[in-house]
Amino acid sequence: MGPGPRRSSPGEPSPDLSESEIAVHWGEEAYVAPPAEFVRQANLGDPTAAQRFAPDRFPECFREYADLLRWRTPFASVLDASRPPFYRWYVGGTLNAAENCVDRHLAERGDQAAIVFVPEPESEPTVSVSYAELGRRVGELAAVLRDDLGLRTGDRVTIHLPMVPELPVTMLACARLGLVHSVVFAGFSGDAAGHRSADCGSRLFVTMDGYWRAGRPVDHLANLAPALAAAEQGGHPPERVLVWRRYADRRMSEVPLVEGRDLDARASVARHAGHSVPAVAQPSDAPLFLMYTSGTTGRPKGCQHATGGYLAYVAGTARAVLDLHPGDVYWCLADIGWITGHSYIVYGPLALGATTVVYEGVPAHPDPGRPWRVAERLGVRVFQTSPTAIRQLRRLGPERPRQHDLRFRLLATVGEPIEPEAWRWYHGEVGRGTAVVVDTWWQTETGGILCSTWPAIHPMKPGSCGPGAPGIRPVVLDEEGHEIAPGTGRAGNLCLRAPWPGLMQTIWGDPDRLVRQYFRKYNRDPESRDWRDWPYFAGDAALIAADGYVRILGRVDDVINVAGHRLGTKEIESACLAVPEVAEAAAVPVADELKGKVPDVYVALRPGVTVPPDEVGRRVARAIETAIGKIARPRRVHVVPDMPKTRSGKILRRVLAGLSNGREPGDVTTLANPEVVEQIREQIAGERPER
Ligand code: WT7
């Protein structure tokens, strides 16, 4: 047994923009072995697994994942790495992603539920969509897309839909035709959706009248006008809009459809009842979708994922790491609008013939027993969620899981580090000590899980995500690019030595940015054609213990991880600058007991502004919600007399982050205006806690 926990409390603040300090105080936890019953039935249980995925088997080891799919044309080689860091997987192969997720299961499991939709209002019945029914719905919608809207293979479609079955149906209908979908999280504002739509030149924008969230109806169609305005401003408005309705017999929005531009999805599909269109075979490296994510610069980047490599990788990891079996009832309590939902609600589980639960609302609605009621009723065997949701469900209803007959075989977490206390509750109370817990580390860019214990093979260790997934070799490099040996206790930058099939292909419209942001840091020879010269830089600080387990410490760049999702500080700051009174803005992460981190915003005003600070604060908060969405809402907006600056005029966010987190701001002697730090500190002390 290892030493007991000796870590700081989750609420303890970090002094710096880098989040490293928080987790680095964690001690090593004791191992927890997977139960024998789990091991016996596991997909990845036999002792040869480690050999099959050993480094000398690269890249051939990834053939195993591709073999989970149906190929129209078999691939000629597993990897073409002739032009790093742009890789082509399963070269020469063709396939269709929708056919793999739907059609090929029809013979064997047509009557089995593919999707189980759980509406947020508990008074509404659960809707089960069989594979046969899913096939019918996908086919009919594909007919609408092709024949009514004239969309062609390669066209982009932006999908701004909530968590309803129409979302996966729309994604799969796109995939059936080889249209590239770009799903934007429904909680993002119309503005944010419109900018993303314009960035990739979407021809079609898909939305819905409304949905339920936290007990309230949301008028989602109200986001359409700002979305179209933003897309127009971006120079690429969509030609048409497809509007779903949440209910057949009533409307959740008063916003009228615009003749000639908007198409009623329910009515269009009804006109194509019984029609289908053939699934278009796509080259393995044809793009399947884009997923926008925040980075170090203001503009979100469209991570482009390939059809063959991505689908093989998510199917393979859903099988190996989440241990999904065909027919398993599986629930990932994330949103399909994030990469987690793409990979592990839609594509991975459906490729494997599992039953995937789509839940409309927030986890703890109307009470923190909700997820456990649903899981008991549906017989969920594999469950996945974020540490934020776990912390919240634990805080609001620690005893709730025990009140239900829960039979989880495997529990997964994703998105942020999980504290050992939260881990132990998840394992002991939710999993009754008999479920295996996997802490999965990965990113939008990586397509699928990169670090995790192999559930039947490695013991669990709370607070560590574990070693590399099959075929994945994480390393920690120092600033000079030297490997920091496991077990030294030193942290550095988490990198991947070799490529893998789920790695994004490029950034939409900006391949240079892929090189710059993920590979330049550790590439010494830009001309090199050897993948070994191109380690992938993930942007996370981490350390690797003697046992090879990776512990993630947090981001090293200007990204705030709110409830397991990335927000760019630059995006937030540019939203603040949309308020005319604001001259300068700085966003910094502040520790939050539930969400891990939330943004705190500092603004300095233009000279001569007479608007009262409270009012400016409200305008700034509103501007952030308009530009990004409620998820980015700041904890507080501090209107300050001046920003702490270096002599060269750079805002020292580190100092502000220290103040926000109630820490010493560190050395301020190099500041051009050290006196302002004391002023801001006094001001913060005098502010009443808000929000
Ligand atoms: C960032 C990626 C992966 C899908 C959801 C988020 C953080 C992710 C973990 C984990 C500690 C984690 C990292 C990463 N992260 N998983 N298990 N432990 N941190 O995707 O929005 O692209 O964010 O989330 O900082 O870089 P994303």
# chains A, B, ... in the order shown; residues from 1 in each chain; ligands from 1
$ residues_around --residues "Ala546 of chain A" --least-positions-apart "6" --cutoff "10 Å" --atoms "only C-alpha atoms" --output "list in words"
Ala485, Pro486, Gly487, Thr488 and Gly489 of chain A
$ write_last_selection --atoms "C-alpha atoms" --output "compact mmCIF listing (two decimals), in the first residue's frame"
# COMPACT_ATOMS: atom_id res chain seq x y z
CA ALA A 485 12.54 9.90 -16.70
CA PRO A 486 9.54 8.34 -14.96
CA GLY A 487 9.73 8.34 -11.18
CA THR A 488 11.90 11.45 -10.81
CA GLY A 489 8.95 13.48 -9.51
$ residues_around --residues "His325 of chain A" --least-positions-apart "3" --cutoff "12 Å" --atoms "only C-alpha atoms" --output "list in words"
Gln41, Ala42, Asn43, Leu44, Ala315, Gly316, Thr317, Ala318, Arg319, Ala320, Val321, Leu322, Asp328, Val329, Tyr330, Gly348, Pro349, Leu350, Ala351, Leu352, Gly353, Ala354, Thr355, Thr356, Arg381, Val382, Arg409 and Leu410 of chain A
$ residues_near_ligand --ligand "ligand 1" --cutoff "7 Å" --atoms "only C-alpha atoms and all ligand atoms" --output "list of chain:residue names"
A:Thr293, A:Ile339, A:Thr340, A:Thr413, A:Val414, A:Gly415, A:Glu416, A:Pro417, A:Ile418, A:Asp439, A:Thr440, A:Trp441, A:Trp442, A:Gln443, A:Thr444, A:Glu445, A:Cys465, A:Ala538, A:Gly539, A:Asp540, A:Ile552, A:Leu553, A:Gly554, A:Arg555, A:Asn561, A:Gly564, A:His565, A:Arg566
$ write_last_selection --atoms "N, CA and C atoms" --output "CSV table (one decimal), in the first residue's frame"
chain,number,residue,atom,x,y,z
A,293,THR,N,-12.2,24.0,-31.2
A,293,THR,CA,-11.7,24.1,-29.9
A,293,THR,C,-10.9,25.3,-29.6
A,339,ILE,N,-16.1,16.9,-28.1
A,339,ILE,CA,-15.5,15.7,-28.7
A,339,ILE,C,-15.8,14.4,-27.9
A,340,THR,N,-16.0,14.5,-26.6
A,340,THR,CA,-16.3,13.3,-25.8
A,340,THR,C,-17.6,12.6,-26.4
A,413,THR,N,-14.1,8.5,-16.3
A,413,THR,CA,-14.1,9.9,-16.1
A,413,THR,C,-13.2,10.6,-17.2
A,414,VAL,N,-13.6,11.8,-17.5
A,414,VAL,CA,-12.9,12.5,-18.6
A,414,VAL,C,-13.0,14.0,-18.5
A,415,GLY,N,-11.9,14.7,-18.9
A,415,GLY,CA,-12.0,16.1,-19.1
A,415,GLY,C,-11.2,17.0,-18.1
A,416,GLU,N,-10.9,16.5,-16.9
A,416,GLU,CA,-10.1,17.2,-16.0
A,416,GLU,C,-9.6,16.2,-15.0
A,417,PRO,N,-8.6,16.7,-14.2
A,417,PRO,CA,-8.1,15.8,-13.2
A,417,PRO,C,-9.2,15.5,-12.1
A,418,ILE,N,-9.2,14.2,-11.6
A,418,ILE,CA,-10.2,13.9,-10.6
A,418,ILE,C,-9.5,13.7,-9.3
A,439,ASP,N,-9.8,6.6,-15.6
A,439,ASP,CA,-9.6,8.1,-15.7
A,439,ASP,C,-8.9,8.3,-17.1
A,440,THR,N,-9.7,8.8,-18.0
A,440,THR,CA,-9.2,8.9,-19.4
A,440,THR,C,-8.7,10.3,-19.8
A,441,TRP,N,-7.5,10.4,-20.2
A,441,TRP,CA,-6.9,11.7,-20.6
A,441,TRP,C,-6.8,11.7,-22.1
A,442,TRP,N,-7.3,12.7,-22.7
A,442,TRP,CA,-7.2,13.0,-24.2
A,442,TRP,C,-7.7,14.4,-24.5
A,443,GLN,N,-7.8,14.7,-25.7
A,443,GLN,CA,-8.2,16.0,-26.2
A,443,GLN,C,-9.0,16.0,-27.4
A,444,THR,N,-9.6,17.2,-27.7
A,444,THR,CA,-10.3,17.3,-29.0
A,444,THR,C,-9.4,16.9,-30.2
A,445,GLU,N,-8.2,17.3,-30.1
A,445,GLU,CA,-7.3,17.1,-31.2
A,445,GLU,C,-6.9,15.6,-31.4
A,465,CYS,N,-4.1,9.1,-14.4
A,465,CYS,CA,-5.0,8.5,-15.4
A,465,CYS,C,-4.4,7.2,-15.8
A,538,ALA,N,1.1,18.3,-26.3
A,538,ALA,CA,-0.3,18.4,-26.0
A,538,ALA,C,-0.7,19.7,-25.3
A,539,GLY,N,0.2,20.4,-24.7
A,539,GLY,CA,-0.1,21.6,-24.0
A,539,GLY,C,-0.5,21.4,-22.5
A,540,ASP,N,-0.3,20.2,-22.0
A,540,ASP,CA,-0.6,19.9,-20.6
A,540,ASP,C,0.7,19.6,-19.9
A,552,ILE,N,-1.8,14.2,-14.7
A,552,ILE,CA,-2.0,15.5,-15.4
A,552,ILE,C,-2.0,16.6,-14.4
A,553,LEU,N,-1.3,17.7,-14.7
A,553,LEU,CA,-1.3,18.8,-13.7
A,553,LEU,C,-2.1,20.0,-14.2
A,554,GLY,N,-2.3,20.1,-15.5
A,554,GLY,CA,-3.1,21.2,-16.0
A,554,GLY,C,-2.5,21.8,-17.3
A,555,ARG,N,-3.2,22.8,-17.8
A,555,ARG,CA,-2.7,23.4,-19.0
A,555,ARG,C,-1.5,24.2,-18.8
A,561,ASN,N,-9.8,25.5,-18.1
A,561,ASN,CA,-10.6,24.3,-18.2
A,561,ASN,C,-11.8,24.4,-17.2
A,564,GLY,N,-14.3,20.7,-17.3
A,564,GLY,CA,-13.8,19.8,-18.3
A,564,GLY,C,-13.8,20.2,-19.7
A,565,HIS,N,-14.0,21.5,-19.9
A,565,HIS,CA,-14.0,22.0,-21.3
A,565,HIS,C,-13.1,23.3,-21.4
A,566,ARG,N,-12.5,23.4,-22.5
A,566,ARG,CA,-11.5,24.4,-22.7
A,566,ARG,C,-12.1,25.7,-23.2
$ closest_residue --among "A:Val598, A:Ala214, A:Val603, A:Ala306" --to "Tyr87 of chain A" --atoms "only C-alpha atoms"
A:Ala306
$ residues_around --residues "Gly135 of chain A" --least-positions-apart "6" --cutoff "12 Å" --atoms "only C-alpha atoms" --output "VMD selection string"
chain A and resid 98 to 107 109 to 111 113 to 115 129 141 to 142 168 to 170 172 to 173 176 274 to 279 350
